[in-house]
Amino acid sequence: MLIGNNEKLIMIGDSVTDCERARPYGEGLFGGIGKGYVMMVDALIQSIYPKRGIRVTNMGVSGNTIQDLQQRWTTDVLDLKPDWLSIMIGINDVWRQFDTPQITEGHVYLEEYESTLRKLVESTLPSLKGLILMTPYYLEPNSNDLMRAAMDRYGSVVKRVADDYGCLFVDTQQAFASVLESIYPATIAWDRVHPNAVGHMVLAKAFLNVIDFDWNKASH
């Protein structure tokens, strides 16, 4: 696995990352790391690689767009000095364009999304051992659905930025695709965004795959 001994992983994002994590830092006792995919990533790492002493911190905040991430970047990422960083942002950037179309000041359009993501990556990458970029997603199998199509465009930006800067890349939409062939989306997420435990495990598994988590080691 790519994350080494005594290294620190920060996972930042919106409500899908947040999942009732503790404040100001999502770690510690009594479920401080939250109840979602970050917790599952941490649980699998700690149980399969206990000797590595890896520290996972959840810095998700519900409702965040990439604008919000930019505003809290210094305090919630740079000041915490992570070795590894995971970013999953963009769902609200797209969603607000559809659920509150008239409130345009809450919208983050594609050009701003890309330029801001690039700024955050550029400012942070030199201090990191690794950066993982995860796409936003919408649990709608029909790729012609307007919100799904928009989300795919934002996901393509994440892929482009990951390629340009040599970051690890998680296509969360693709990770859900095989599951959605057999399970109706509302079964996983009533609003097609906020997943249940099954959906969070899909995200956790996709994340662990790109950091070379050894599933054979997990089976012993």
# chains A, B, ... in the order shown; residues from 1 in each chain; ligands from 1

$ select_by_dssp --residues "range 90-214 of chain A" --states "alpha helix (DSSP H)" --output "PyMOL selection string"
chain A and resi 91-99+110-124+146-165+172-180+185-188+197-210

$ residues_around --residues "range 179-188 of chain A" --least-positions-apart "4" --cutoff "8 Å" --atoms "only C-alpha atoms" --output "ChimeraX atom specification"
/A:139-141,175,192,195-199

$ write_last_selection --atoms "C-alpha atoms" --output "compact mmCIF listing (two decimals), in the first residue's frame"
# COMPACT_ATOMS: atom_id res chain seq x y z
CA LEU A 139 -26.53 8.13 -8.83
CA GLU A 140 -28.49 8.23 -12.08
CA PRO A 141 -27.72 5.47 -14.61
CA ALA A 175 -17.33 2.78 -9.38
CA ARG A 192 -29.21 10.07 -5.49
CA PRO A 195 -25.47 7.23 0.08
CA ASN A 196 -26.25 4.58 2.65
CA ALA A 197 -23.57 2.21 3.93
CA VAL A 198 -23.52 0.30 0.64
CA GLY A 199 -22.78 3.47 -1.31

$ closest_atom_pairs --of "range 48-126 of chain A" --to "range 147-150 of chain A" --cutoff "9 Å" --atoms "only C-alpha atoms" --output "CSV"
residue,atom,partner,partner_atom,distance
A:Val94,CA,A:Ala150,CA,6.9
A:Trp95,CA,A:Met147,CA,7.4
A:Gln97,CA,A:Met147,CA,8.8
A:Phe98,CA,A:Met147,CA,7.1

$ write_last_selection --atoms "N, CA and C atoms" --output "PDB file, in the first residue's frame"
ATOM      1  N   VAL A  94     -22.584  21.496  -8.808  1.00  0.00           N
ATOM      2  CA  VAL A  94     -23.547  21.139  -9.858  1.00  0.00           C
ATOM      3  C   VAL A  94     -24.982  21.208  -9.342  1.00  0.00           C
ATOM      4  N   TRP A  95     -25.223  20.633  -8.189  1.00  0.00           N
ATOM      5  CA  TRP A  95     -26.583  20.458  -7.663  1.00  0.00           C
ATOM      6  C   TRP A  95     -27.319  21.791  -7.514  1.00  0.00           C
ATOM      7  N   GLN A  97     -27.168  24.312  -9.228  1.00  0.00           N
ATOM      8  CA  GLN A  97     -27.640  24.798 -10.529  1.00  0.00           C
ATOM      9  C   GLN A  97     -28.989  24.190 -10.893  1.00  0.00           C
ATOM     10  N   PHE A  98     -29.337  23.070 -10.227  1.00  0.00           N
ATOM     11  CA  PHE A  98     -30.574  22.366 -10.540  1.00  0.00           C
ATOM     12  C   PHE A  98     -31.643  22.517  -9.464  1.00  0.00           C
TER      13      PHE A  98
END

$ residues_around --residues "Gln67 in chain A" --least-positions-apart "5" --cutoff "9 Å" --atoms "only C-alpha atoms" --output "PyMOL selection string"
chain A and resi 93+108+112-113+116

$ closest_residue --among "A:Asp99, A:Asp152, A:Glu20, A:Asp191" --to "Gly34 in chain A" --atoms "only C-alpha atoms"
A:Glu20

$ closest_residue --among "A:Arg96, A:His194, A:Arg160, A:Arg52" --to "Glu114 in chain A" --atoms "only C-alpha atoms"
A:Arg160

$ closest_residue --among "A:Asn142, A:Ser127, A:Thr172, A:Asn92" --to "Leu69 in chain A" --atoms "only C-alpha atoms"
A:Asn92

$ select_by_dssp --residues "range 43-218 of chain A" --states "strand (DSSP E)" --output "list of chain:residue names"
A:Arg55, A:Val56, A:Thr57, A:Asn58, A:Trp84, A:Leu85, A:Ser86, A:Ile87, A:Met88, A:Gly130, A:Leu131, A:Ile132, A:Leu133, A:Met134, A:Leu168, A:Phe169, A:Val170

$ write_last_selection --atoms "all heavy atoms" --output "CSV table (one decimal), in the first residue's frame"
chain,number,residue,atom,x,y,z
A,55,ARG,N,-2.5,7.9,10.3
A,55,ARG,CA,-3.5,8.8,10.9
A,55,ARG,C,-4.4,9.4,9.8
A,55,ARG,O,-4.0,10.0,8.9
A,55,ARG,CB,-2.8,10.0,11.6
A,55,ARG,CG,-3.8,11.0,12.3
A,55,ARG,CD,-3.0,12.0,13.0
A,55,ARG,NE,-3.8,13.0,13.7
A,55,ARG,CZ,-3.3,14.0,14.4
A,55,ARG,NH1,-2.0,14.1,14.6
A,55,ARG,NH2,-4.1,14.9,15.0
A,56,VAL,N,-5.7,9.1,9.9
A,56,VAL,CA,-6.7,9.6,8.9
A,56,VAL,C,-7.6,10.6,9.6
A,56,VAL,O,-8.1,10.4,10.7
A,56,VAL,CB,-7.6,8.4,8.4
A,56,VAL,CG1,-8.6,8.9,7.4
A,56,VAL,CG2,-6.7,7.3,7.8
A,57,THR,N,-7.7,11.8,8.9
A,57,THR,CA,-8.5,12.9,9.5
A,57,THR,C,-9.5,13.3,8.4
A,57,THR,O,-9.2,13.5,7.3
A,57,THR,CB,-7.6,14.1,9.8
A,57,THR,OG1,-6.6,13.7,10.7
A,57,THR,CG2,-8.4,15.2,10.5
A,58,ASN,N,-10.8,13.4,8.9
A,58,ASN,CA,-11.9,13.8,8.0
A,58,ASN,C,-12.1,15.3,8.1
A,58,ASN,O,-12.5,15.8,9.2
A,58,ASN,CB,-13.2,13.0,8.4
A,58,ASN,CG,-14.4,13.3,7.6
A,58,ASN,OD1,-14.4,14.3,6.8
A,58,ASN,ND2,-15.4,12.5,7.7
A,84,TRP,N,-0.6,12.8,2.8
A,84,TRP,CA,-1.5,12.5,1.7
A,84,TRP,C,-2.7,13.2,1.8
A,84,TRP,O,-3.2,13.5,3.0
A,84,TRP,CB,-1.8,11.0,1.8
A,84,TRP,CG,-0.6,10.1,1.5
A,84,TRP,CD1,0.4,9.8,2.4
A,84,TRP,CD2,-0.3,9.5,0.3
A,84,TRP,NE1,1.3,9.0,1.7
A,84,TRP,CE2,0.9,8.8,0.4
A,84,TRP,CE3,-0.9,9.4,-1.0
A,84,TRP,CZ2,1.5,8.0,-0.6
A,84,TRP,CZ3,-0.4,8.6,-2.0
A,84,TRP,CH2,0.8,8.0,-1.8
A,85,LEU,N,-3.3,13.6,0.7
A,85,LEU,CA,-4.6,14.4,0.7
A,85,LEU,C,-5.5,13.8,-0.3
A,85,LEU,O,-5.1,13.5,-1.5
A,85,LEU,CB,-4.3,15.8,0.3
A,85,LEU,CG,-5.5,16.8,0.2
A,85,LEU,CD1,-6.2,16.9,1.5
A,85,LEU,CD2,-5.1,18.1,-0.4
A,86,SER,N,-6.8,13.6,0.1
A,86,SER,CA,-7.8,13.2,-0.8
A,86,SER,C,-8.9,14.3,-1.0
A,86,SER,O,-9.3,14.9,0.1
A,86,SER,CB,-8.5,11.9,-0.3
A,86,SER,OG,-9.7,11.7,-1.0
A,87,ILE,N,-9.3,14.7,-2.2
A,87,ILE,CA,-10.3,15.7,-2.4
A,87,ILE,C,-11.4,15.1,-3.2
A,87,ILE,O,-11.2,14.5,-4.3
A,87,ILE,CB,-9.7,16.9,-3.2
A,87,ILE,CG1,-8.4,17.4,-2.6
A,87,ILE,CG2,-10.7,18.0,-3.4
A,87,ILE,CD1,-7.7,18.4,-3.5
A,88,MET,N,-12.6,15.2,-2.7
A,88,MET,CA,-13.8,14.9,-3.5
A,88,MET,C,-14.8,16.1,-3.3
A,88,MET,O,-15.5,16.2,-2.2
A,88,MET,CB,-14.5,13.6,-3.0
A,88,MET,CG,-15.7,13.2,-3.9
A,88,MET,SD,-16.3,11.6,-3.7
A,88,MET,CE,-17.0,11.6,-2.1
A,130,GLY,N,1.5,12.3,-1.7
A,130,GLY,CA,0.5,11.9,-2.7
A,130,GLY,C,-0.8,12.6,-2.6
A,130,GLY,O,-1.2,13.0,-1.5
A,131,LEU,N,-1.5,12.8,-3.8
A,131,LEU,CA,-2.7,13.5,-3.8
A,131,LEU,C,-3.7,12.7,-4.6
A,131,LEU,O,-3.4,12.3,-5.8
A,131,LEU,CB,-2.5,14.9,-4.5
A,131,LEU,CG,-3.8,15.8,-4.7
A,131,LEU,CD1,-4.6,16.0,-3.4
A,131,LEU,CD2,-3.4,17.1,-5.3
A,132,ILE,N,-4.9,12.4,-4.0
A,132,ILE,CA,-5.9,11.6,-4.7
A,132,ILE,C,-7.1,12.5,-5.0
A,132,ILE,O,-7.7,13.2,-4.1
A,132,ILE,CB,-6.4,10.5,-3.8
A,132,ILE,CG1,-5.2,9.6,-3.4
A,132,ILE,CG2,-7.4,9.6,-4.5
A,132,ILE,CD1,-4.6,9.9,-2.0
A,133,LEU,N,-7.4,12.6,-6.3
A,133,LEU,CA,-8.6,13.4,-6.7
A,133,LEU,C,-9.7,12.4,-7.1
A,133,LEU,O,-9.6,11.5,-7.9
A,133,LEU,CB,-8.2,14.2,-7.9
A,133,LEU,CG,-7.2,15.3,-7.7
A,133,LEU,CD1,-7.0,16.1,-9.0
A,133,LEU,CD2,-7.6,16.3,-6.6
A,134,MET,N,-10.9,12.7,-6.4
A,134,MET,CA,-12.1,11.8,-6.6
A,134,MET,C,-13.1,12.7,-7.3
A,134,MET,O,-13.4,13.8,-6.9
A,134,MET,CB,-12.6,11.3,-5.3
A,134,MET,CG,-11.6,10.5,-4.5
A,134,MET,SD,-12.1,10.1,-2.8
A,134,MET,CE,-13.4,8.8,-3.2
A,168,LEU,N,-3.2,10.7,-8.3
A,168,LEU,CA,-4.0,9.5,-8.3
A,168,LEU,C,-5.5,9.9,-8.6
A,168,LEU,O,-5.9,11.0,-8.2
A,168,LEU,CB,-3.9,8.7,-7.0
A,168,LEU,CG,-2.5,8.2,-6.7
A,168,LEU,CD1,-2.5,7.5,-5.3
A,168,LEU,CD2,-2.1,7.2,-7.7
A,169,PHE,N,-6.2,9.1,-9.3
A,169,PHE,CA,-7.6,9.5,-9.7
A,169,PHE,C,-8.6,8.4,-9.4
A,169,PHE,O,-8.3,7.2,-9.6
A,169,PHE,CB,-7.6,9.7,-11.2
A,169,PHE,CG,-8.9,10.0,-11.8
A,169,PHE,CD1,-9.6,11.1,-11.6
A,169,PHE,CD2,-9.5,9.0,-12.7
A,169,PHE,CE1,-10.9,11.3,-12.2
A,169,PHE,CE2,-10.7,9.2,-13.2
A,169,PHE,CZ,-11.4,10.4,-13.0
A,170,VAL,N,-9.7,8.8,-8.8
A,170,VAL,CA,-10.8,7.9,-8.5
A,170,VAL,C,-12.1,8.3,-9.3
A,170,VAL,O,-12.6,9.4,-9.0
A,170,VAL,CB,-11.1,7.8,-7.0
A,170,VAL,CG1,-12.3,6.9,-6.7
A,170,VAL,CG2,-9.9,7.4,-6.2

$ closest_residue --among "A:Gly36, A:Pro82, A:Gly90, A:Pro101" --to "Asn6 in chain A" --atoms "only C-alpha atoms"
A:Pro82

$ closest_residue --among "A:Asn64, A:Asn209, A:Gln70, A:Gln174" --to "Arg118 in chain A" --atoms "only C-alpha atoms"
A:Gln70

$ closest_residue --among "A:Gly63, A:Gly26, A:Gly13, A:Pro50" --to "Gly106 in chain A" --atoms "only C-alpha atoms"
A:Gly63

$ residues_around --residues "Val157 in chain A" --least-positions-apart "6" --cutoff "10 Å" --atoms "only C-alpha atoms" --output "list in words"
Leu110, Glu111, Tyr113, Glu114, Ser115, Leu117, Arg118, Thr135, Met151 and Asp163 of chain A

$ residues_around --residues "Val38 in chain A" --least-positions-apart "3" --cutoff "9 Å" --atoms "only C-alpha atoms" --output "list in words"
Met11, Thr17, Asp18, Cys19, Ile33, Gly34, Lys35, Val41, Asp42, Ala43, Val56, Thr57, Asn58, His200, Leu203 and Ala204 of chain A

$ residues_around --residues "Ile211 in chain A" --least-positions-apart "6" --cutoff "8 Å" --atoms "only C-alpha atoms" --output "list of chain:residue names"
A:Met1, A:Leu2, A:Ile3, A:Leu168

$ write_last_selection --atoms "N, CA and C atoms" --output "PDB file, in the first residue's frame"
ATOM      1  N   MET A   1       0.831  -1.199   0.000  1.00  0.00           N
ATOM      2  CA  MET A   1       0.000   0.000   0.000  1.00  0.00           C
ATOM      3  C   MET A   1       0.865   1.249   0.000  1.00  0.00           C
ATOM      4  N   LEU A   2       0.413   2.276  -0.706  1.00  0.00           N
ATOM      5  CA  LEU A   2       1.246   3.446  -0.924  1.00  0.00           C
ATOM      6  C   LEU A   2       1.474   4.291   0.330  1.00  0.00           C
ATOM      7  N   ILE A   3       0.504   4.359   1.223  1.00  0.00           N
ATOM      8  CA  ILE A   3       0.657   5.193   2.416  1.00  0.00           C
ATOM      9  C   ILE A   3       1.550   4.468   3.424  1.00  0.00           C
ATOM     10  N   LEU A 168      -3.212  10.710  -8.272  1.00  0.00           N
ATOM     11  CA  LEU A 168      -4.038   9.511  -8.325  1.00  0.00           C
ATOM     12  C   LEU A 168      -5.481   9.930  -8.583  1.00  0.00           C
TER      13      LEU A 168
END
